[in-house]
Amino acid sequence: MQFFFEVLIGGLLAGVMYSMVAIGFVLIFKASGVFNFAQGAMVLFSALTYVSLVERDLSPWLALPITLATMLLLGVLIERVVLRRLVNRSPMTLFMATLGLSFIIEGASQALWGAQVHGLELGVPDLPIEISGVFISQFDLFAAATAAVMVAALSLVANRTRLGIALRAVADDPLAALSLGISLPRVWGAVWAIAGVVALVAGLLWGARTGVQFSLSLVVLKALPVLIIGGFTSINGTIVAGLIVGASEKLAEVYVGSLMGGGIEGWFPYVLALGFLVVRPTGLFGEASVERV
Amino acid sequence: MNSQYQRPRFARVWIRLGLLGLGLAALGACKAKESAPSTETAALTPKAAEASGSAASAPSASAPGAGNEQYFPLQSYRVGPYAAGGTGFFGGFIDYLQLVNARDGGVGGVKLTWSECETEYVVERGVECYERLKPGLNGAPSAAFNPLSVGIAYALIDRATTDKNPIITINHGRTDSTDGRVFPYIFPLQLNPYSEVSAITNYIAQREGGVEKLAGKKIVTLYHGSPYGKETIPVLDILAKKYGFEVKHIEVPHPGTEQQAQWLEIRRYQPSWVILRGWGVMNPVALKSAQKTGFPADHIIGNIWSNSEEDVTPAGAAGKGYLSITTHPAGRDFPVIQEIDKHVLSKGKGNMDDPKRVGSVYYNLGVINGILNVEAVATAQKKFGKKPLTGEQVRWGFENLNIDDARLKELGALGLLQQIKLSCADHEGGGRIRFQQWDGEKWQLVSDWIAADRDLLRPIIEESAAKYAKEKGITPRDCSKET
Amino acid sequence: MSRRIPPALALLLLALAAPLVADDYWFNAILIPFFTLALAGLGLNILTGFAGQLSLGSAAFMAVGAFAAYNFNLRIPELPLLASFALGGLTASLVGIAFGLPSLRIKGFYLIVSTLAAQFFVQWALTKFAWFSNDNPSGVITAPRLIVFGHDFSTPVGRYWLTLGVVAGLTLAASSLLASPTGRRFMAVRDMETAARVMGVPIFRTKLLAFAVSSFYCGVAGVLWAFCYLGTVEPHGLDLTRSFQVLFIIIIGGLGSVAGSFLGAAFIVLLPVLLDHVAHGVLEGSLDAGNLENAQKLVFGSLILLFLIKEPEGLARLLTVASRAVAQRLLPRNFPRASAPITVLTATTEARRDLFRKWRQS
């Protein structure tokens with residue numbers, strides 16, 4: 001029984017990590033309807049920048065704000081240079097544009113910082129703590145706490161600041177927001193900047209877990225089923241979906257996987273998502289679309 | 001989008017046809033130009049541009065000299081997820097080739113030349129690079145291909161055999177290509193996957209106090225979910241049956257950034273040892289996950305692709321005590337590395353961007369690969385003469401490669417490279433490994449040479465090769481008839 | 001009859017001229033992968049571009065096709081090679097129908113979950129169960145000898161002709177299918193599903209047919225990939241990255257266009273190789289190999305952005321506009337300035353641009 005709880009708690013905490021990556025996607029999709037293929041590259045770039053600065057003997061307390069500023073700048077730059085010229089194009093076109101962006105960001109990261117692997121220490125050791133016989137990872141708890149703080153901060157921004165209200169207006173109905181005088185490009189720039197910061201947080205936490213190297217951008221594969229189950233437009237949905245995906249993935253791997261030869265962790269979340277969607281076709285928390293003729 | 005799909009209008013189609021014709025004509029013109037000396041130049045090392053070095057040591061500045069050079073095409077990977085290993089390996093390889101040119105003036109007076117083509121470890125790019133580089137460089141024929149990728153090697157098997165180009169898959173590759181009678185042009189030098197696990201089993205037996213003590217013990221293999229990872233499952237099952245230990249195979253789906261479930265399962269199973277068949281990011285994550293679930297690092301044995309500094313450093317403190325196998329020690333205290341330092345590095349021509357990586361596991365592997373390739377060329381030159389050789393001739397050189405201790409001493413690689421003897425039927429040659437342990441800073445050797453049970457493995461290899469031969473309709477060579 | 005001359009001539013040109021002009025490198029590394037991926041792109045275009053069902057599982061169907069053809073060829077020795085190609089495609093079709101069933105319930109962007117599940121599940125299943133790869137311990141299959149009607153097609157030229165023949169035949173078939181009532185039903189489902197249902201178009205059957213045809217094409221493309229191109233199939237070669245690549249081919253080439261699949265394949269497959277050659281020729285010596293590669297990535301990404309900004313509807317549209325412009329110059333009587341549908345399209349885009357411009361100025 002205690003083993004079951006270990007797997008369950010480990011899975012829930014892992015799920016929180018997945019949601020963190022997924023939140024970046026949700027922010028951008030909600031505000032501009034774009035599926036940001038470059039999110040993985042942004043995660044990699046932010047982690048790589050931080051780690052490279054630290055390795056060049058910069059204090060972490062200095063490196064972090066610099067990286068933060070870089071990501072904010074990157075977001076604004078992307079909006080100005082790329083998105084502004086692609087206004088009113090189809091979602092497919094914008095999706096392709098983010099692909100082009102991901103190539104550029106990947107190429108730039110490796111050109112700037114090299115192709116080496118780096119370790120990332122955030123000061124929290126990855127040792128297990130024992131609570132009534134159940135092993136829980138210290139680092140995972142720290143990551144979950146960070147995620148909670150980040151979500152709280154995001155909801156604060158969304159509900160209490162002018163920018164946040166503008167963001168929600170644009171997400172709801174861009175044309176109406178336009179007619180109210182809300183500056184669309186400014187809002188999009190802000191969203192991409194915030195997504196960049198979210199990518200930074202995710203990059204640091206995942207980088208501490210797996211090391212900072214090119215494969216870091218592959219963590220988005222884990223975020224896809226979370227996005228699908230939670231719906232593309234809800235942050236709360238992403239958190240809940242992350243918990244579901246993380247826990248069920250690990251439990252399935254341990255209990256069901258052994259019957260099938262193992263390795264089912266790769267496809268199980270997607271089959272689960274498929275099951276969810278057959279019941280609720282727009283995700284758990286997604287907006288139901290109304291079809292008009 | 002049109003809501004009615006119309007076949008393209010008549011005239012427009014003719015115009016497109018015209019464009020196609022123009023395209024082909026342009027192609028033809030390019031072909032005519034290409035039959036003149038190629039425009040490709042050898043890849044220069046990063047420092048070579050600023051190097052003011054003496055003429056003898058300039059790697060590719062030497063004039064092509066009417067094709068009196070031996071060419072090594074390099075399907076390298078310097079970007080992408082496996083770039084850390086790639087830059088180390090190809091850096092060491094290139095530095096050794098530069099040493100041979102600088103110190104000895106080439107092999108038998110024939111200078112070595114090379115050029116790189118980036119594959120990013122992707123199979124199609126490896127194939128494209130092979131096709132692009134196989135004609136040679138400026139008239140210099142290609143000696144052998146070293147893709148350092150099992151996927152690319154698989155895709156090249158048929159092609160290389162038809163084109164008569166040797167493919168070297170050092171320390172990895174398709175295990176049954178050890179049988180040179182069915183795979184005349186593929187060389188899994190030094191160590192094939194079956195030898196790896198056999199030698200690891202022998203080491204575990206040694207640590208446990210003898211082969212009899214293995215019975216009843218539990219061993220887990222944590223393998224990467226890919227052909228490379230799965231390759232050794234049957235052999236481990238055979239060894240388990242032979243020695244009486246229990247083996248459990250646990251898969252980590254590619255890329256391996258999440259291994260919590262697997263390590264919790266390991267925790268439940270409570271094995272004495274875990275064999276790690278990892279690749280890339282799976283390795284440091286494995287070590288971190290082991291720490292997370294409380295499994296001791298000094299009972300994890302990494303295989304030949306989980307044994308480098310790049311695999312352990314991202315794991316930080318979790319890697320301390322981790323064991324792994326190696327066919328060669330890390331470090332710079334070998335005469336050949338010191339020679340490279342003297343003739344190449346101190347002149348600013350080293351291929352590594354970060355000089356601290358000289359002497360790392362991947363770098364030394366590159367140097368060893370260089371030694372083996374060059375020795376094969378030298379061996380072949382004894383039969384075919386001191387001139388640039390074709391792939392078929394270099395293949396003969398590989399099959400008659402025999403490096404004993406005396407020769408190792410001459411090369412300055414005693415203690416670095418093991419004795420190796422290849423033959424027509426045996427394309428592996430070595431089969432011995434040593435064990436090293438990570439102390440947080442570097443790898444320390446903790447064992448002597450441990451051999452694999454090659455006699456036990458040979459029949460399995462031959463059976464698998466025969467099956468392949470039957471499937472493809474190949475008649476195996478008769479080694480006794482060949483000189 | 002005269003309609004068929006240009007395509008037939010084009011085919012003849014490609015089939016005969018290429019061997020005179022091209023060498024091993026061109027066949028093995030450029031032409032065969034180009035045609036193979038163009039076929040896969042065509043398959044995906046039928047499903048996504050014409051029938052509007054988003055799919056990220058093209059590589060999975062390619063893998064099913066490849067492994068199925070391999071197994072049919074291996075276990076039924078008397079089966080002719082082209083029959084195993086067809087059977088491979090049909091098997092992929094069946095798998096495609098299975099994973100297309102959720103399309104009844106799930107619409108729009110969320111439909112990708114079904115094909116994503118296919119992608120990961122198929123990749124896992126083909127590696128896990130040794131039967132699929134004839135008990136090869138690594139789970140890799142190798143291509144058999146390519147003997148069609150008694151002739152050996154294993155040489156680079158032979159493999160090229162085999163690929164060209166298969167792709168040309170299937171493209172012709174696709175073109176006919178899409179111009180037929182079935183094709184119009186596909187487009188009805190894509191453009192306005194509810195209206196189509198009201199009109200009596202059998203929605204579910206149409207969607208499943210789209211999945212079936214598309215997966216057949218992807219399956220055959222997979223067989224070509226394994227048999228004619230690489231000679232082997234590694235599961236990682238047909239993974240999610242490949243599926244994304246095929247999707248990018250049709251988006252850049254032009255959704256809803258047969259020619260677009262070929263143009264997109266040329267862009268995605270051939271342009272990086274061209275960039276590599278150019279980079280080696282021009283920049284060699286000033287950058288080391290790694291940075292050369294990074295520079296190419298930057299250039300490639302920028303080119304994608306440039307194309308999208310200039311012509312968001314893909315290269316096919318660009319080609320149509322260009323050839324129309326050329327035709328106007330050459331034959332002004334047959335091609336008056338702008339025909340009605342185009343005016344409407346540009347008018348809408350123009351109107352949108354005007355609105356945006358006015359808003360910017362306010």
# chains A, B, ... in the order shown; residues from 1 in each chain; ligands from 1
>>> interface_residues(of="chain B", to="chain A", cutoff="6 Å", atoms="only C-alpha atoms", output="ChimeraX atom specification")
/B:81,83-84,251-253,261,285,292,314
>>> select_by_dssp(residues="stretch 262-466 of chain B", states="strand (DSSP E or B)", output="number ranges by chain")
B: 273-277, 300-302, 323-326, 402-403, 414, 417, 420-421, 426, 432-438, 443-445, 450-451
>>> write_last_selection(atoms="N, CA and C atoms", output="JSON list (two decimals), in the first residue's frame")
[["chain", "number", "residue", "atom", "x", "y", "z"],
["B", 273, "TRP", "N", 21.97, -5.15, -8.23],
["B", 273, "TRP", "CA", 22.68, -4.34, -9.21],
["B", 273, "TRP", "C", 21.72, -3.85, -10.27],
["B", 274, "VAL", "N", 22.03, -2.67, -10.81],
["B", 274, "VAL", "CA", 21.27, -2.16, -11.95],
["B", 274, "VAL", "C", 22.25, -1.90, -13.08],
["B", 275, "ILE", "N", 21.96, -2.50, -14.24],
["B", 275, "ILE", "CA", 22.78, -2.22, -15.42],
["B", 275, "ILE", "C", 22.06, -1.14, -16.22],
["B", 276, "LEU", "N", 22.75, -0.08, -16.51],
["B", 276, "LEU", "CA", 22.14, 1.06, -17.20],
["B", 276, "LEU", "C", 22.57, 1.06, -18.66],
["B", 277, "ARG", "N", 21.59, 0.85, -19.56],
["B", 277, "ARG", "CA", 21.87, 0.96, -21.00],
["B", 277, "ARG", "C", 21.21, 2.25, -21.48],
["B", 300, "ILE", "N", 25.10, 0.92, -9.49],
["B", 300, "ILE", "CA", 24.60, 1.11, -10.85],
["B", 300, "ILE", "C", 25.80, 1.01, -11.76],
["B", 301, "ILE", "N", 25.70, 0.12, -12.77],
["B", 301, "ILE", "CA", 26.81, -0.02, -13.70],
["B", 301, "ILE", "C", 26.35, 0.48, -15.07],
["B", 302, "GLY", "N", 26.98, 1.51, -15.56],
["B", 302, "GLY", "CA", 26.61, 2.05, -16.85],
["B", 302, "GLY", "C", 27.35, 1.33, -17.96],
["B", 323, "LEU", "N", 29.36, 3.54, -11.21],
["B", 323, "LEU", "CA", 30.32, 2.72, -11.93],
["B", 323, "LEU", "C", 29.96, 2.68, -13.40],
["B", 324, "SER", "N", 30.96, 2.55, -14.25],
["B", 324, "SER", "CA", 30.63, 2.31, -15.66],
["B", 324, "SER", "C", 31.78, 1.56, -16.31],
["B", 325, "ILE", "N", 31.51, 0.99, -17.49],
["B", 325, "ILE", "CA", 32.56, 0.26, -18.18],
["B", 325, "ILE", "C", 33.24, 1.20, -19.15],
["B", 326, "THR", "N", 34.42, 0.81, -19.55],
["B", 326, "THR", "CA", 35.10, 1.59, -20.57],
["B", 326, "THR", "C", 36.09, 0.69, -21.28],
["B", 402, "ASN", "N", 46.31, -6.32, -36.50],
["B", 402, "ASN", "CA", 46.81, -7.08, -35.37],
["B", 402, "ASN", "C", 47.72, -6.16, -34.55],
["B", 403, "ILE", "N", 47.17, -5.61, -33.50],
["B", 403, "ILE", "CA", 47.94, -4.69, -32.66],
["B", 403, "ILE", "C", 48.25, -5.38, -31.36],
["B", 414, "LEU", "N", 49.92, 2.22, -24.98],
["B", 414, "LEU", "CA", 49.89, 1.09, -24.05],
["B", 414, "LEU", "C", 49.13, 1.51, -22.81],
["B", 417, "LEU", "N", 44.73, 1.62, -25.21],
["B", 417, "LEU", "CA", 44.01, 0.75, -26.12],
["B", 417, "LEU", "C", 44.35, -0.69, -25.77],
["B", 420, "ILE", "N", 44.33, -5.89, -29.94],
["B", 420, "ILE", "CA", 43.17, -6.15, -30.81],
["B", 420, "ILE", "C", 43.64, -6.90, -32.03],
["B", 421, "LYS", "N", 42.91, -7.95, -32.36],
["B", 421, "LYS", "CA", 43.27, -8.75, -33.54],
["B", 421, "LYS", "C", 41.98, -9.09, -34.26],
["B", 426, "ASP", "N", 36.02, -12.51, -37.69],
["B", 426, "ASP", "CA", 35.84, -11.79, -36.44],
["B", 426, "ASP", "C", 36.12, -10.31, -36.67],
["B", 432, "ARG", "N", 37.34, -6.84, -24.38],
["B", 432, "ARG", "CA", 37.73, -6.67, -22.97],
["B", 432, "ARG", "C", 37.41, -5.25, -22.53],
["B", 433, "ILE", "N", 37.04, -5.12, -21.27],
["B", 433, "ILE", "CA", 36.73, -3.80, -20.74],
["B", 433, "ILE", "C", 37.34, -3.62, -19.37],
["B", 434, "ARG", "N", 37.40, -2.36, -18.95],
["B", 434, "ARG", "CA", 37.79, -2.06, -17.58],
["B", 434, "ARG", "C", 36.65, -1.28, -16.95],
["B", 435, "PHE", "N", 36.65, -1.21, -15.63],
["B", 435, "PHE", "CA", 35.59, -0.50, -14.93],
["B", 435, "PHE", "C", 36.13, 0.75, -14.28],
["B", 436, "GLN", "N", 35.33, 1.79, -14.30],
["B", 436, "GLN", "CA", 35.75, 3.06, -13.72],
["B", 436, "GLN", "C", 34.65, 3.58, -12.81],
["B", 437, "GLN", "N", 35.05, 4.44, -11.89],
["B", 437, "GLN", "CA", 34.08, 4.98, -10.96],
["B", 437, "GLN", "C", 34.20, 6.49, -10.92],
["B", 438, "TRP", "N", 33.07, 7.15, -10.84],
["B", 438, "TRP", "CA", 33.05, 8.62, -10.84],
["B", 438, "TRP", "C", 33.21, 9.13, -9.41],
["B", 443, "TRP", "N", 36.89, 10.27, -13.66],
["B", 443, "TRP", "CA", 36.74, 8.83, -13.62],
["B", 443, "TRP", "C", 38.02, 8.19, -13.09],
["B", 444, "GLN", "N", 37.86, 7.28, -12.15],
["B", 444, "GLN", "CA", 39.00, 6.54, -11.63],
["B", 444, "GLN", "C", 38.83, 5.07, -11.98],
["B", 445, "LEU", "N", 39.89, 4.46, -12.51],
["B", 445, "LEU", "CA", 39.80, 3.04, -12.84],
["B", 445, "LEU", "C", 39.75, 2.21, -11.57],
["B", 450, "ILE", "N", 38.72, -7.01, -17.91],
["B", 450, "ILE", "CA", 37.79, -8.12, -17.71],
["B", 450, "ILE", "C", 37.27, -8.51, -19.08],
["B", 451, "ALA", "N", 37.37, -9.81, -19.37],
["B", 451, "ALA", "CA", 37.00, -10.25, -20.71],
["B", 451, "ALA", "C", 35.56, -10.73, -20.75]]
>>> select_by_dssp(residues="stretch 83-238 of chain C", states="helix (DSSP H, G or I)", output="MDAnalysis selection string")
chainID C and resid 83:104 108:128 130:133 156:179 181:191 193:199 203:230 235:238
>>> interface_residues(of="chain C", to="chain A", cutoff="6 Å", atoms="only C-alpha atoms", output="compact mmCIF listing (two decimals) with N, CA, C and O atoms, in the first residue's frame")
# COMPACT_ATOMS: atom_id res chain seq x y z
N ILE C 106 -15.09 14.18 -31.81
CA ILE C 106 -14.14 15.26 -31.54
C ILE C 106 -13.90 16.06 -32.81
O ILE C 106 -13.67 15.50 -33.87
N VAL C 113 -5.52 14.59 -30.85
CA VAL C 113 -5.22 13.62 -29.80
C VAL C 113 -5.33 12.20 -30.32
O VAL C 113 -4.56 11.32 -29.93
N SER C 114 -6.27 12.00 -31.25
CA SER C 114 -6.48 10.64 -31.74
C SER C 114 -5.27 10.15 -32.52
O SER C 114 -4.76 9.05 -32.30
N ALA C 117 -2.21 9.71 -30.29
CA ALA C 117 -2.24 8.41 -29.61
C ALA C 117 -1.78 7.33 -30.57
O ALA C 117 -1.00 6.44 -30.19
N PHE C 120 2.16 7.39 -30.94
CA PHE C 120 2.96 6.81 -29.87
C PHE C 120 2.67 5.33 -29.68
O PHE C 120 3.57 4.54 -29.42
N PHE C 121 1.40 4.96 -29.84
CA PHE C 121 1.05 3.58 -29.61
C PHE C 121 1.68 2.67 -30.67
O PHE C 121 2.26 1.63 -30.35
N ALA C 195 -23.70 22.34 -42.36
CA ALA C 195 -24.46 22.54 -43.60
C ALA C 195 -24.42 21.29 -44.45
O ALA C 195 -25.43 20.88 -45.04
N ASN C 291 29.03 25.63 -35.85
CA ASN C 291 28.40 26.93 -36.07
C ASN C 291 27.83 27.06 -37.46
O ASN C 291 26.86 27.79 -37.68
N ASN C 294 24.46 25.73 -37.13
CA ASN C 294 23.59 26.68 -36.45
C ASN C 294 23.18 27.82 -37.37
O ASN C 294 22.02 28.25 -37.38
N LYS C 297 20.45 26.67 -39.57
CA LYS C 297 19.17 26.60 -38.87
C LYS C 297 18.54 27.97 -38.84
O LYS C 297 17.34 28.13 -39.09
N LEU C 298 19.35 28.98 -38.53
CA LEU C 298 18.84 30.34 -38.46
C LEU C 298 18.29 30.76 -39.82
O LEU C 298 17.20 31.32 -39.91
N GLY C 301 14.98 28.84 -40.62
CA GLY C 301 13.86 29.38 -39.87
C GLY C 301 13.42 30.73 -40.43
O GLY C 301 12.22 31.00 -40.58
N ILE C 304 11.44 30.30 -43.61
CA ILE C 304 10.06 29.89 -43.35
C ILE C 304 9.22 31.11 -43.02
O ILE C 304 8.13 31.32 -43.57
N LEU C 305 9.74 31.96 -42.12
CA LEU C 305 8.99 33.15 -41.73
C LEU C 305 8.75 34.05 -42.93
O LEU C 305 7.65 34.57 -43.13
>>> closest_residue(among="C:Pro137, C:Gly43, C:Gly264, C:Gly169", to="chain B", atoms="only C-alpha atoms")
C:Pro137
>>> interface_residues(of="chain C", to="chain B", cutoff="6 Å", atoms="only C-alpha atoms", output="MDAnalysis selection string")
chainID C and resid 21 25 29 137:139 179 230 232 285 288 290
>>> residues_around(residues="C:Phe262", least_positions_apart="3", cutoff="12 Å", atoms="only C-alpha atoms", output="NGL selection string")
:C and (31 or 33-43 or 45 or 167-168 or 171 or 246 or 249-255 or 257-259 or 265-270 or 314-316 or 319)
>>> write_last_selection(atoms="N, CA and C atoms", output="short mmCIF file (atom, residue, chain, number, x, y, z; two decimals), in the first residue's frame")
data_model
loop_
_atom_site.label_atom_id
_atom_site.label_comp_id
_atom_site.auth_asym_id
_atom_site.auth_seq_id
_atom_site.Cartn_x
_atom_site.Cartn_y
_atom_site.Cartn_z
N LEU C 31 16.38 12.63 -54.68
CA LEU C 31 15.14 12.39 -55.40
C LEU C 31 14.22 11.42 -54.69
N PRO C 33 14.00 10.40 -51.42
CA PRO C 33 13.30 10.93 -50.24
C PRO C 33 12.31 12.03 -50.60
N PHE C 34 12.63 12.85 -51.62
CA PHE C 34 11.72 13.91 -52.02
C PHE C 34 10.38 13.31 -52.45
N PHE C 35 10.42 12.32 -53.36
CA PHE C 35 9.16 11.76 -53.84
C PHE C 35 8.43 11.02 -52.73
N THR C 36 9.18 10.32 -51.87
CA THR C 36 8.53 9.58 -50.79
C THR C 36 7.80 10.52 -49.84
N LEU C 37 8.48 11.57 -49.42
CA LEU C 37 7.82 12.48 -48.48
C LEU C 37 6.72 13.28 -49.17
N ALA C 38 6.87 13.53 -50.47
CA ALA C 38 5.79 14.20 -51.18
C ALA C 38 4.55 13.33 -51.17
N LEU C 39 4.72 12.02 -51.33
CA LEU C 39 3.58 11.11 -51.28
C LEU C 39 2.94 11.14 -49.90
N ALA C 40 3.77 11.11 -48.85
CA ALA C 40 3.22 11.18 -47.49
C ALA C 40 2.48 12.50 -47.30
N GLY C 41 3.07 13.57 -47.82
CA GLY C 41 2.41 14.87 -47.73
C GLY C 41 1.08 14.86 -48.46
N LEU C 42 1.04 14.21 -49.61
CA LEU C 42 -0.21 14.12 -50.36
C LEU C 42 -1.26 13.40 -49.53
N GLY C 43 -0.83 12.30 -48.89
CA GLY C 43 -1.76 11.58 -48.03
C GLY C 43 -2.31 12.47 -46.94
N ASN C 45 -2.42 15.67 -46.92
CA ASN C 45 -3.20 16.75 -47.52
C ASN C 45 -4.63 16.30 -47.78
N VAL C 167 4.66 6.73 -57.05
CA VAL C 167 4.19 8.06 -56.67
C VAL C 167 3.35 8.67 -57.79
N ALA C 168 3.80 8.52 -59.03
CA ALA C 168 3.04 9.09 -60.14
C ALA C 168 1.66 8.47 -60.24
N THR C 171 -0.49 9.69 -57.37
CA THR C 171 -0.85 11.10 -57.51
C THR C 171 -1.98 11.26 -58.51
N VAL C 246 5.90 16.13 -41.94
CA VAL C 246 4.92 15.96 -43.01
C VAL C 246 3.85 17.06 -42.93
N ILE C 249 5.24 20.12 -44.32
CA ILE C 249 5.30 20.05 -45.77
C ILE C 249 4.01 20.56 -46.39
N ILE C 250 2.88 20.11 -45.84
CA ILE C 250 1.65 20.53 -46.50
C ILE C 250 1.25 21.95 -46.13
N ILE C 251 1.64 22.41 -44.94
CA ILE C 251 1.27 23.79 -44.61
C ILE C 251 2.07 24.75 -45.48
N ILE C 252 3.36 24.50 -45.60
CA ILE C 252 4.17 25.39 -46.43
C ILE C 252 3.83 25.22 -47.89
N GLY C 253 3.55 23.99 -48.29
CA GLY C 253 3.25 23.75 -49.69
C GLY C 253 1.89 24.28 -50.09
N GLY C 254 0.97 24.24 -49.17
CA GLY C 254 -0.38 24.70 -49.50
C GLY C 254 -1.39 23.64 -49.13
N LEU C 255 -2.23 23.95 -48.13
CA LEU C 255 -3.27 23.01 -47.75
C LEU C 255 -4.29 22.94 -48.87
N SER C 257 -4.01 21.31 -51.82
CA SER C 257 -3.44 21.39 -53.16
C SER C 257 -2.52 20.20 -53.39
N VAL C 258 -2.74 19.51 -54.52
CA VAL C 258 -1.91 18.34 -54.81
C VAL C 258 -0.49 18.77 -55.12
N ALA C 259 -0.35 19.80 -55.93
CA ALA C 259 0.99 20.28 -56.27
C ALA C 259 1.69 20.79 -55.02
N ALA C 265 7.37 19.49 -50.04
CA ALA C 265 8.43 18.51 -49.84
C ALA C 265 9.75 19.06 -50.35
N ALA C 266 9.69 19.75 -51.48
CA ALA C 266 10.92 20.34 -52.00
C ALA C 266 11.49 21.33 -50.99
N PHE C 267 10.60 22.14 -50.39
CA PHE C 267 11.09 23.14 -49.44
C PHE C 267 11.69 22.47 -48.21
N ILE C 268 10.95 21.55 -47.62
CA ILE C 268 11.37 21.00 -46.33
C ILE C 268 12.51 20.00 -46.49
N VAL C 269 12.50 19.23 -47.60
CA VAL C 269 13.51 18.18 -47.76
C VAL C 269 14.74 18.68 -48.48
N LEU C 270 14.52 19.44 -49.55
CA LEU C 270 15.65 19.79 -50.40
C LEU C 270 16.35 21.06 -49.97
N GLY C 314 0.73 29.32 -48.83
CA GLY C 314 1.62 28.26 -49.24
C GLY C 314 2.22 28.46 -50.61
N LEU C 315 3.19 27.61 -50.89
CA LEU C 315 3.95 27.74 -52.14
C LEU C 315 3.09 27.46 -53.36
N ALA C 316 2.08 26.61 -53.21
CA ALA C 316 1.24 26.28 -54.36
C ALA C 316 0.54 27.53 -54.87
N LEU C 319 2.98 29.65 -56.64
CA LEU C 319 3.24 29.15 -57.99
C LEU C 319 2.09 29.48 -58.92
#
>>> residues_around(residues="A:Val197", least_positions_apart="5", cutoff="12 Å", atoms="only C-alpha atoms", output="PyMOL selection string")
chain A and resi 20-21+23-24+27+39+42-43+45-47+64-76+150+153-154+190-192+202-204
